[in-house]
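Structure file work07.txt with compact mmCIF, C-alpha atoms:
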```txt
# COMPACT_ATOMS: atom_id res chain seq x y z
CA MET H 1 -7.62 36.67 -30.18
CA ASP H 2 -9.10 39.68 -28.37
CA SER H 3 -12.54 38.67 -29.61
CA LEU H 4 -12.43 35.36 -27.77
CA PRO H 5 -14.61 35.08 -24.66
CA GLU H 6 -12.62 35.49 -21.46
CA GLU H 7 -13.56 31.96 -20.38
CA ILE H 8 -11.86 30.51 -23.47
CA ARG H 9 -8.81 32.73 -23.09
CA SER H 10 -8.34 31.71 -19.46
CA HIS H 11 -8.71 28.06 -20.46
CA ILE H 12 -5.96 28.47 -23.06
CA LEU H 13 -3.66 30.04 -20.48
CA SER H 14 -4.42 27.22 -18.04
CA LEU H 15 -2.74 24.80 -20.44
CA MET H 16 0.68 26.47 -20.22
CA PRO H 17 3.24 27.00 -17.42
CA THR H 18 2.13 29.84 -15.17
CA LYS H 19 5.18 32.02 -15.92
CA PHE H 20 4.16 32.11 -19.59
CA ALA H 21 0.51 32.70 -18.75
CA VAL H 22 1.45 35.76 -16.70
CA GLN H 23 3.54 37.14 -19.58
CA THR H 24 0.43 37.36 -21.79
CA SER H 25 -0.69 40.34 -19.70
CA ILE H 26 1.34 42.59 -22.02
CA LEU H 27 -0.52 41.50 -25.18
CA SER H 28 -3.37 43.98 -24.82
CA LYS H 29 -5.71 45.51 -22.29
CA SER H 30 -8.21 42.69 -22.69
CA TRP H 31 -5.51 40.14 -21.83
CA ARG H 32 -4.02 42.05 -18.91
CA TYR H 33 -5.83 40.17 -16.16
CA THR H 34 -6.90 37.03 -17.98
CA TRP H 35 -4.12 35.00 -16.36
CA THR H 36 -5.66 35.65 -12.93
CA LEU H 37 -8.59 33.40 -13.93
CA VAL H 38 -6.57 30.29 -14.83
CA THR H 39 -7.66 27.04 -13.19
CA ASN H 40 -4.19 25.46 -13.38
CA LEU H 41 -1.08 26.78 -11.62
CA ASP H 42 2.18 25.26 -12.83
CA PHE H 43 5.47 26.32 -11.21
CA ASP H 44 8.69 24.56 -12.23
CA PHE H 45 11.98 25.78 -10.73
CA VAL H 46 14.18 23.18 -12.43
CA ASP H 47 15.83 24.22 -15.69
CA GLY H 48 15.37 22.46 -19.01
CA ASP H 49 18.41 20.21 -18.44
CA GLY H 50 16.98 18.90 -15.18
CA ASP H 51 19.49 20.91 -13.10
CA ASP H 52 18.77 23.03 -10.06
CA TYR H 53 19.36 26.72 -9.93
CA ALA H 54 19.54 28.95 -6.90
CA LEU H 55 16.17 30.25 -5.79
CA ASP H 56 16.05 33.90 -4.94
CA LEU H 57 13.52 36.35 -3.60
CA VAL H 58 12.19 36.97 -7.10
CA ASP H 59 11.03 33.35 -7.42
CA TYR H 60 9.16 33.38 -4.11
CA THR H 61 7.74 36.82 -4.81
CA PHE H 62 6.42 35.61 -8.14
CA VAL H 63 4.57 32.64 -6.62
CA ASN H 64 3.16 34.84 -3.85
CA ARG H 65 2.06 37.42 -6.39
CA VAL H 66 0.26 34.81 -8.46
CA PHE H 67 -1.67 33.52 -5.45
CA ASN H 68 -2.50 37.02 -4.23
CA SER H 69 -3.81 38.01 -7.67
CA HIS H 70 -5.55 34.76 -8.48
CA LYS H 71 -9.33 35.22 -8.85
CA ALA H 72 -10.60 31.80 -9.96
CA SER H 73 -12.93 30.24 -7.42
CA LYS H 74 -11.56 26.75 -8.04
CA LEU H 75 -8.15 25.25 -8.82
CA ASN H 76 -8.01 22.16 -10.99
CA ILE H 77 -4.23 21.49 -11.04
CA PHE H 78 -1.48 22.76 -8.76
CA ARG H 79 1.99 21.66 -9.91
CA LEU H 80 5.08 22.65 -7.90
CA HIS H 81 8.50 21.28 -8.86
CA PHE H 82 11.78 22.11 -7.14
CA GLY H 83 15.26 20.58 -7.53
CA LEU H 84 16.96 18.41 -4.93
CA ASN H 85 19.33 21.20 -3.89
CA GLN H 86 16.59 23.77 -3.40
CA ASN H 87 14.91 24.22 -0.04
CA PRO H 88 11.59 25.98 -0.38
CA ASN H 89 8.89 26.46 2.22
CA VAL H 90 5.77 25.46 0.33
CA SER H 91 3.26 24.75 3.08
CA HIS H 92 1.39 28.05 2.81
CA TRP H 93 1.09 27.70 -0.97
CA VAL H 94 -0.34 24.20 -0.62
CA ASP H 95 -2.79 25.42 2.01
CA LYS H 96 -4.03 28.04 -0.43
CA ALA H 97 -4.45 25.44 -3.16
CA VAL H 98 -6.46 23.21 -0.83
CA LYS H 99 -8.73 26.12 0.07
CA LEU H 100 -9.36 26.55 -3.66
CA ASN H 101 -10.63 22.94 -3.80
CA VAL H 102 -7.69 21.69 -5.85
CA CYS H 103 -8.27 18.42 -7.72
CA VAL H 104 -4.72 17.50 -8.84
CA LEU H 105 -1.71 18.17 -6.60
CA ASP H 106 1.68 17.40 -8.18
CA MET H 107 4.61 18.19 -5.87
CA CYS H 108 8.29 17.48 -6.35
CA VAL H 109 9.89 19.22 -3.39
CA PRO H 110 12.86 18.31 -1.14
CA ARG H 111 13.09 18.54 2.62
CA ASP H 112 9.89 20.24 3.56
CA HIS H 113 7.09 19.64 6.00
CA LEU H 114 3.79 19.04 4.29
CA PRO H 115 0.70 20.78 5.64
CA LEU H 116 -1.93 18.59 7.25
CA SER H 117 -4.53 20.05 4.91
CA ILE H 118 -3.24 17.76 2.13
CA PHE H 119 -4.40 14.68 4.00
CA THR H 120 -7.96 15.88 4.53
CA CYS H 121 -8.60 17.50 1.15
CA THR H 122 -12.01 16.27 0.06
CA THR H 123 -11.61 17.44 -3.56
CA LEU H 124 -8.30 15.76 -4.44
CA THR H 125 -8.54 13.18 -7.22
CA MET H 126 -4.77 12.84 -7.87
CA LEU H 127 -1.84 13.28 -5.51
CA ARG H 128 1.83 13.04 -6.50
CA LEU H 129 4.56 13.47 -3.85
CA HIS H 130 8.18 13.10 -5.00
CA HIS H 131 11.53 14.00 -3.45
CA VAL H 132 10.04 14.80 -0.04
CA GLU H 133 12.86 13.24 1.95
CA ASN H 134 12.50 11.94 5.48
CA ILE H 135 10.57 14.84 6.97
CA TRP H 136 6.96 14.41 5.95
CA GLU H 137 4.84 12.31 8.23
CA CYS H 138 1.39 11.10 7.48
CA PRO H 139 -1.10 11.91 10.27
CA SER H 140 -3.08 9.15 11.91
CA ARG H 141 -6.28 10.48 10.35
CA VAL H 142 -6.37 10.62 6.54
CA THR H 143 -9.54 11.51 4.66
CA LEU H 144 -9.21 11.63 0.89
CA PRO H 145 -12.65 10.46 -0.25
CA CYS H 146 -12.22 11.36 -3.95
CA LEU H 147 -8.58 10.37 -4.49
CA LYS H 148 -8.27 7.94 -7.42
CA THR H 149 -4.55 8.29 -8.28
CA LEU H 150 -1.69 8.24 -5.76
CA ASP H 151 1.98 8.48 -6.82
CA ILE H 152 4.49 8.70 -3.96
CA ILE H 153 8.14 8.11 -3.12
CA VAL H 154 8.91 7.10 0.46
CA TYR H 155 12.17 6.93 2.39
CA ARG H 156 13.25 5.12 5.53
CA ASN H 157 10.44 2.94 6.89
CA PRO H 158 7.49 3.01 4.48
CA PHE H 159 5.12 1.96 7.28
CA LEU H 160 5.33 5.47 8.72
CA ASN H 161 3.81 7.09 5.64
CA ALA H 162 2.53 5.01 2.75
CA PHE H 163 0.64 2.51 4.86
CA LYS H 164 -1.05 5.23 6.86
CA LEU H 165 -1.98 7.12 3.71
CA ILE H 166 -3.45 4.32 1.59
CA PRO H 167 -6.31 3.29 3.94
CA GLY H 168 -7.63 6.85 3.83
CA CYS H 169 -8.28 6.58 0.08
CA PRO H 170 -11.49 4.51 -0.28
CA VAL H 171 -11.85 4.90 -4.07
CA LEU H 172 -8.18 4.53 -5.06
CA GLU H 173 -7.75 3.12 -8.58
CA THR H 174 -4.09 3.79 -9.45
CA LEU H 175 -1.18 3.47 -7.01
CA SER H 176 2.52 4.06 -7.76
CA LEU H 177 4.74 3.46 -4.73
CA GLN H 178 8.52 3.85 -4.90
CA VAL H 179 10.65 2.90 -1.88
CA ASP H 180 14.07 4.55 -2.23
CA TYR H 181 15.58 3.81 1.15
CA VAL H 182 14.69 1.44 3.97
CA CYS H 183 16.39 1.52 7.38
CA ASN H 184 16.13 0.07 10.87
CA LEU H 185 14.81 -3.24 9.64
CA GLN H 186 14.37 -5.97 12.21
CA GLN H 187 14.92 -9.68 11.63
CA GLN H 188 11.18 -10.32 11.76
CA GLN H 189 9.03 -7.79 9.91
CA PRO H 190 5.29 -7.89 9.43
CA PRO H 191 4.22 -8.28 5.79
CA TYR H 192 3.37 -5.36 3.55
CA ILE H 193 -0.32 -6.00 2.86
CA PHE H 194 -1.98 -4.22 -0.03
CA SER H 195 -5.68 -4.87 0.44
CA ILE H 196 -7.32 -2.34 -1.87
CA PRO H 197 -10.62 -3.56 -3.35
CA THR H 198 -10.89 -0.63 -5.79
CA LEU H 199 -7.33 -0.70 -7.18
CA LYS H 200 -6.93 -1.31 -10.93
CA ARG H 201 -3.30 -0.31 -11.56
CA PHE H 202 -0.42 -0.91 -9.16
CA LYS H 203 3.27 -0.05 -9.64
CA LEU H 204 5.77 -0.96 -6.92
CA THR H 205 9.46 -0.04 -7.23
CA ILE H 206 12.02 -0.84 -4.52
CA ASN H 207 15.37 0.88 -5.11
CA ASP H 208 17.14 -0.12 -1.92
CA ASP H 209 20.31 -2.10 -2.75
CA MET H 210 20.36 -3.93 0.57
CA PRO H 211 18.34 -7.15 0.83
CA VAL H 212 14.94 -6.41 2.33
CA PHE H 213 13.23 -9.73 2.83
CA HIS H 214 9.77 -8.43 3.50
CA LYS H 215 6.71 -10.36 2.45
CA VAL H 216 4.44 -8.37 0.15
CA VAL H 217 0.83 -9.58 0.13
CA LEU H 218 -1.40 -8.43 -2.72
CA ARG H 219 -5.18 -8.53 -2.22
CA LEU H 220 -6.35 -6.66 -5.30
CA PRO H 221 -9.51 -8.34 -6.63
CA ILE H 222 -10.10 -6.06 -9.66
CA LEU H 223 -6.47 -5.43 -10.64
CA GLU H 224 -5.89 -4.76 -14.34
CA HIS H 225 -2.17 -3.93 -14.48
CA LEU H 226 0.69 -4.88 -12.13
CA CYS H 227 4.20 -3.44 -12.45
CA VAL H 228 7.06 -4.54 -10.19
CA GLY H 229 10.53 -3.03 -10.60
CA GLY H 230 13.79 -2.22 -8.91
CA SER H 231 15.47 -4.63 -6.55
CA LEU H 232 13.39 -7.76 -6.18
CA SER H 233 14.18 -8.51 -2.53
CA SER H 234 10.73 -9.38 -1.22
CA LEU H 235 8.58 -12.47 -1.24
CA TYR H 236 5.37 -11.72 -3.13
CA VAL H 237 2.21 -13.55 -2.13
CA MET H 238 -0.87 -13.16 -4.34
CA GLU H 239 -3.93 -13.88 -2.26
CA ASP H 240 -6.70 -12.27 -4.29
CA LEU H 241 -5.75 -11.37 -7.85
CA PRO H 242 -8.19 -11.64 -10.77
CA PRO H 243 -7.42 -13.59 -13.94
CA LEU H 244 -6.53 -11.89 -17.20
CA PHE H 245 -4.63 -8.88 -15.86
CA GLU H 246 -1.44 -7.40 -17.37
CA ALA H 247 1.97 -7.67 -15.67
CA ASP H 248 5.29 -5.87 -16.16
CA ILE H 249 8.19 -7.37 -14.19
CA SER H 250 11.33 -5.30 -14.73
CA SER H 251 13.44 -6.57 -11.84
CA LEU H 252 16.61 -8.42 -12.77
CA SER H 253 16.02 -12.13 -12.32
CA SER H 254 19.69 -12.95 -11.76
CA SER H 255 19.77 -10.97 -8.50
CA SER H 256 17.23 -13.17 -6.71
CA PRO H 257 15.96 -16.04 -8.88
CA ARG H 258 14.00 -17.72 -6.09
CA LEU H 259 11.99 -14.60 -5.35
CA TRP H 260 11.57 -13.86 -9.04
CA LEU H 261 10.14 -17.31 -9.69
CA GLN H 262 7.88 -17.06 -6.67
CA LEU H 263 6.48 -13.82 -8.04
CA LEU H 264 5.83 -15.39 -11.46
CA LYS H 265 4.03 -18.31 -9.85
CA GLY H 266 1.61 -15.84 -8.32
CA ILE H 267 0.69 -14.20 -11.62
CA THR H 268 0.07 -17.23 -13.83
CA GLY H 269 -3.43 -15.93 -14.55
CA ALA H 270 -2.06 -12.90 -16.38
CA LYS H 271 -2.98 -12.34 -20.03
CA SER H 272 0.04 -10.14 -20.82
CA LEU H 273 3.60 -10.18 -19.47
CA THR H 274 6.55 -7.87 -20.07
CA THR H 275 9.78 -8.87 -18.38
CA GLN H 276 13.37 -7.69 -18.33
CA ASP H 277 15.33 -10.91 -18.72
CA VAL H 278 15.03 -14.66 -18.49
CA ASP H 279 17.89 -17.05 -17.80
CA PHE H 280 16.47 -20.01 -15.84
CA LEU H 281 13.57 -20.95 -18.02
CA VAL H 282 13.03 -24.62 -17.25
CA ARG H 283 11.47 -23.91 -13.84
CA LEU H 284 8.86 -21.42 -14.98
CA PRO H 285 5.20 -22.15 -14.18
CA ILE H 286 2.61 -22.54 -16.93
CA PHE H 287 0.66 -19.43 -17.92
CA PRO H 288 -2.58 -20.84 -19.38
CA ASN H 289 -4.19 -17.47 -20.17
CA MET H 290 -1.17 -15.65 -21.57
CA LYS H 291 -1.83 -14.02 -24.95
CA ARG H 292 0.98 -11.45 -25.17
CA LEU H 293 4.64 -11.81 -24.11
CA GLU H 294 7.53 -9.35 -24.33
CA VAL H 295 11.03 -10.31 -23.16
CA LYS H 296 13.57 -7.49 -23.37
CA LEU H 297 16.68 -9.63 -22.77
CA PHE H 298 17.34 -13.34 -23.29
CA ILE H 299 20.39 -14.91 -21.73
CA ASP H 300 20.10 -18.19 -23.61
CA LEU H 301 18.66 -18.12 -27.12
CA GLY H 302 18.65 -21.89 -27.38
CA LYS H 303 16.07 -22.26 -24.61
CA ILE H 304 13.42 -20.05 -26.22
CA PRO H 305 11.34 -23.00 -27.55
CA GLN H 306 11.49 -24.66 -24.14
CA PHE H 307 10.49 -21.36 -22.57
CA LEU H 308 7.52 -20.90 -24.91
CA GLU H 309 6.09 -24.26 -23.87
CA ARG H 310 5.01 -22.53 -20.65
CA PHE H 311 2.63 -20.30 -22.64
CA PRO H 312 0.29 -22.65 -24.53
CA ASP H 313 -2.16 -19.97 -25.75
CA LEU H 314 0.36 -17.29 -26.76
CA LYS H 315 -0.51 -15.19 -29.81
CA TYR H 316 1.97 -12.28 -29.67
CA ILE H 317 5.71 -12.51 -28.96
CA CYS H 318 8.27 -9.70 -28.80
CA LEU H 319 11.88 -10.83 -28.27
CA GLY H 320 14.59 -8.27 -27.58
CA LEU H 321 18.34 -8.34 -27.14
CA LYS H 322 20.09 -11.71 -26.78
CA SER H 323 23.27 -12.48 -24.89
CA THR H 324 26.46 -13.00 -26.90
CA LEU H 325 26.67 -16.37 -25.14
CA SER H 326 23.59 -17.53 -27.05
CA TYR H 327 23.59 -20.60 -29.23
CA TRP H 328 20.94 -22.43 -31.22
CA MET H 329 20.08 -26.10 -31.58
CA GLU H 330 16.77 -26.93 -33.19
CA PRO H 331 14.50 -28.82 -30.79
CA LYS H 332 12.72 -32.03 -31.71
CA VAL H 333 9.32 -30.82 -30.43
CA VAL H 334 7.60 -27.63 -31.56
CA PRO H 335 5.79 -25.71 -28.79
CA GLY H 336 2.03 -25.76 -29.27
CA CYS H 337 1.72 -21.98 -29.16
CA ILE H 338 4.10 -21.62 -32.14
CA ARG H 339 2.35 -24.20 -34.25
CA THR H 340 -1.32 -23.33 -33.70
CA ASN H 341 -1.69 -19.93 -31.94
CA LEU H 342 1.12 -17.51 -32.76
CA THR H 343 -0.05 -14.71 -35.07
CA THR H 344 2.45 -11.89 -34.41
CA LEU H 345 6.21 -11.99 -33.91
CA LYS H 346 8.47 -8.98 -33.27
CA TYR H 347 12.17 -9.77 -33.13
CA THR H 348 15.32 -7.73 -32.53
CA LEU H 349 18.25 -8.84 -34.66
CA CYS H 350 21.79 -8.20 -33.39
CA LYS H 351 25.03 -8.59 -35.29
CA GLU H 352 26.67 -10.35 -32.37
CA THR H 353 24.08 -13.16 -32.40
CA MET H 354 22.77 -12.90 -35.98
CA ARG H 355 23.97 -16.38 -36.94
CA TYR H 356 21.71 -17.94 -34.32
CA ASP H 357 18.97 -15.33 -34.67
CA MET H 358 18.42 -16.28 -38.30
CA LYS H 359 18.23 -19.98 -37.40
CA LEU H 360 15.59 -19.27 -34.77
CA LEU H 361 13.57 -17.14 -37.19
CA ARG H 362 13.77 -19.90 -39.81
CA TYR H 363 12.52 -22.37 -37.19
CA ILE H 364 9.54 -20.20 -36.20
CA LEU H 365 8.57 -19.34 -39.78
CA GLY H 366 8.72 -23.00 -40.75
CA ASN H 367 6.43 -24.14 -37.92
CA ALA H 368 3.99 -21.28 -37.18
CA GLU H 369 0.87 -22.30 -39.12
CA VAL H 370 -1.28 -19.23 -38.34
CA LEU H 371 1.44 -16.57 -38.28
CA LYS H 372 0.27 -13.29 -39.84
CA THR H 373 3.01 -10.72 -39.18
CA VAL H 374 6.77 -10.87 -38.58
CA THR H 375 8.62 -7.62 -37.88
CA VAL H 376 12.40 -7.81 -37.56
CA THR H 377 14.32 -4.80 -36.24
CA CYS H 378 17.96 -4.64 -37.34
CA GLY H 379 20.03 -3.38 -34.44
CA HIS H 380 19.57 -2.57 -30.78
CA LEU H 381 20.26 0.49 -28.64
CA PHE H 382 22.77 -1.50 -26.59
CA SER H 383 24.45 -3.11 -29.58
CA PRO H 384 27.84 -1.61 -30.55
CA GLU H 385 27.48 -2.52 -34.22
CA LEU H 386 24.84 -1.01 -36.51
CA PHE H 387 23.44 -2.58 -39.67
CA SER H 388 24.17 -1.00 -43.03
CA LEU H 389 21.43 -0.60 -45.63
CA GLU H 390 22.92 -3.46 -47.63
CA GLU H 391 22.89 -5.74 -44.60
CA GLU H 392 19.24 -4.91 -43.90
CA LYS H 393 18.36 -5.80 -47.49
CA TRP H 394 20.26 -9.07 -47.14
CA VAL H 395 18.34 -9.95 -43.97
CA HIS H 396 15.05 -9.26 -45.72
CA SER H 397 15.95 -11.37 -48.76
CA GLU H 398 17.08 -14.29 -46.57
CA LEU H 399 13.87 -14.20 -44.53
CA LEU H 400 11.81 -14.31 -47.71
CA LYS H 401 13.69 -17.48 -48.77
CA PHE H 402 12.82 -19.33 -45.56
CA PRO H 403 10.01 -21.93 -45.80
CA ARG H 404 6.79 -20.66 -44.23
CA ALA H 405 4.11 -22.83 -42.64
CA SER H 406 1.67 -19.93 -43.01
CA MET H 407 1.13 -18.68 -46.54
CA ASP H 408 -0.54 -15.52 -45.15
CA CYS H 409 2.56 -14.38 -43.25
CA ALA H 410 3.91 -10.90 -44.07
CA ILE H 411 7.57 -10.15 -43.28
CA LYS H 412 8.84 -6.65 -42.54
CA VAL H 413 12.41 -5.54 -41.81
CA VAL H 414 12.95 -2.12 -40.24
CA ALA H 415 15.98 -0.14 -39.13
CA LEU H 416 16.74 0.69 -35.51
CA GLY H 417 14.73 3.66 -34.28
CA LEU H 418 11.91 3.33 -36.83
CA LEU H 419 9.85 0.78 -34.93
CA HIS H 420 7.36 1.87 -32.28
```
Could you show the structure in this file as structure tokens?
Amino acid sequence: MDSLPEEIRSHILSLMPTKFAVQTSILSKSWRYTWTLVTNLDFDFVDGDGDDYALDLVDYTFVNRVFNSHKASKLNIFRLHFGLNQNPNVSHWVDKAVKLNVCVLDMCVPRDHLPLSIFTCTTLTMLRLHHVENIWECPSRVTLPCLKTLDIIVYRNPFLNAFKLIPGCPVLETLSLQVDYVCNLQQQQPPYIFSIPTLKRFKLTINDDMPVFHKVVLRLPILEHLCVGGSLSSLYVMEDLPPLFEADISSLSSSSPRLWLQLLKGITGAKSLTTQDVDFLVRLPIFPNMKRLEVKLFIDLGKIPQFLERFPDLKYICLGLKSTLSYWMEPKVVPGCIRTNLTTLKYTLCKETMRYDMKLLRYILGNAEVLKTVTVTCGHLFSPELFSLEEEKWVHSELLKFPRASMDCAIKVVALGLLH
């Protein structure tokens, strides 16, 4: 290892947490100062179990020592993670990172003022701000000309921070915005307007339990992936979304079905949809471009054929856990996507609903004329009863007995935890 060029050695050390990089100084004389040339600084003051521990003078002295000894002319990544019960003063460290033309700034710090230098850093390409509660305020002037990825959590009124920060990022491609707490809401609120012509990936999570009936307007003309989660308490209006993007809707539909349906109506051009649960299927809009569908929870197994009629060009279906209230009655009409388009089916089999699950699988196998692959997983993480090896073999043998409309269909049965 001593024969390696110093540039390679410093690169190797840049890939590990800084505390370990510093420890390599005892390996030999040639390694003594190699850690001072690392281009990544990674400080994590949360233990392996995710718990906080009390910060002492040694911790602060260590970070100060690293910065004082650091000799690299440029910093690629600066990662600084503290626990919720720790109260560091990190501003001067961040200022030093900015002066070193940092590219990636990943901060998970509670209750601290952020230096203004963050918001005018011309070299930042990725910024992550988590757990900075209530105190940080975005200045009126934000200049982040190279920022492509922004991942932030905001508290109280998001207008004060997120919506001042976003306009200062002219080349933003990936945005993850989590709203954990909203207060002082008036009866009439202006809409949240996301007009970002460069954005390709957008994740919005609202974790406030109180109803927040804001209107969220999405003007994202080149969007490729949309993810909406948390409490669905806003009206979503899609004014400029492209066709054939991917969507992941993880909000619980039962909490606000009207808003959930309104959101789905705005994304009918999507080519892929992952959703948490479906229990009012008859009112869904038609998704003419949908090729891939994953539903993690079905409330009513008997309405799956009716549900699939809304996806005429569907080729891939993944169906997860079903409610114990499920029943099955074979419909008179076969959805077009099952008969002529469906090529891949992934299905989770549960003991509680297995009687109806097997009937549904028999129905699909008997009508899917171009089906190529069926993968059945025996068991579910939330199911109290596991399948024995004998039961898995029985499921496989029964599936092989079912009539198949496609002679090219391969059937695979796997145990829980083996399917990825």
One decimal, in Å: what's the spacing between CA of Leu220 in chain H and CA of Thr120 in chain H?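 If I compute the distance from CA of Leu220 in chain H to CA of Thr120 in chain H, I get 24.6 Å.
Take CA of Thr143 in chain H and CA of Tyr192 in chain H: the distance between them is 21.3 Å.
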Counting only C-alpha atoms, the option among H:Leu147, H:Ala97, H:Val334, H:Ala21 closest to Gly168 in chain H: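 The answer is H:Leu147, which sits nearest to Gly168 in chain H.
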In Å to one decimal, how far is CA of Ile8 in chain H from CA of Arg32 in chain H? 14.7 Å
Excluding Ile166 in chain H and any residue of its chain fewer than 5 positions from it, enumerate the residues within 9 Å of it, using all atoms listed in the file, and give them as a list in words.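 Result of the neighbour search: Val142, Leu150, Asn161, Leu172, Leu175, Phe194 and Ile196 of chain H.
If you measure from each of H:Cys378, H:His396, H:Trp31, H:Glu294 to Thr353 in chain H using all atoms listed in the file, the closest one turns out to be H:Cys378.
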Step by step: start from the point (-4.8, 36.2, -8.4) in the file's coordinates, keep every protein, DNA or RNA residue that has an atom no farther than 9 Å from it, count all atoms listed in the file, and write the set as a tab-separated table (two decimals) with C-alpha atoms, in the coordinates of the input.
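Listed below is the output, result-v3.tsv:
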```tsv
chain	number	residue	atom	x	y	z
H	33	TYR	CA	-5.83	40.17	-16.16
H	35	TRP	CA	-4.12	35.00	-16.36
H	36	THR	CA	-5.66	35.65	-12.93
H	37	LEU	CA	-8.59	33.40	-13.93
H	38	VAL	CA	-6.57	30.29	-14.83
H	65	ARG	CA	2.06	37.42	-6.39
H	66	VAL	CA	0.26	34.81	-8.46
H	67	PHE	CA	-1.67	33.52	-5.45
H	68	ASN	CA	-2.50	37.02	-4.23
H	69	SER	CA	-3.81	38.01	-7.67
H	70	HIS	CA	-5.55	34.76	-8.48
H	71	LYS	CA	-9.33	35.22	-8.85
H	72	ALA	CA	-10.60	31.80	-9.96
```
List the residues sitting within 8 Å of (11.2, -6.6, -40.6) in the file's frame, using all atoms listed in the file, as JSON, numbers by chain. {"H": [374, 375, 376, 377, 378, 396, 411, 412, 413, 414]}
Got a sec: who's within 8 Å of Ile77 in chain H, counting all atoms listed in the file, leaving out chain neighbours fewer than 5 positions off, as a PyMOL selection string? chain H and resi 39-42+102-106
Name the closest residue to Pro305 in chain H among the candidates H:Cys318, H:Ile153, H:Ile249, H:Ile364; distances are taken between atoms, counting only C-alpha atoms.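 For Pro305 in chain H, the nearest of the candidates is H:Ile364.
Using all atoms listed in the file, the smallest distance between any of H:Met126, H:Leu80, H:Leu116, H:Cys337 and Ser140 in chain H comes from H:Leu116.
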Counting only C-alpha atoms, the residue among H:Pro115, H:Pro335, H:Pro288, H:Pro110 that lies closest to Tyr155 in chain H is H:Pro110
Take every atom of range 334-352 of chain H listed in the file, pad by 6 Å on each side, and give me the axis-aligned box centre and edge lengths in Å, one decimal, as JSON.
```
{"center_x": 12.5, "center_y": -17.7, "center_z": -32.0, "size_x": 40.4, "size_y": 31.9, "size_z": 18.5}
```
Using only C-alpha atoms, the shortest atom-to-atom distance to Lys393 in chain H among H:Ala415, H:Val63, H:Ile317, H:Ala405 belongs to H:Ala415
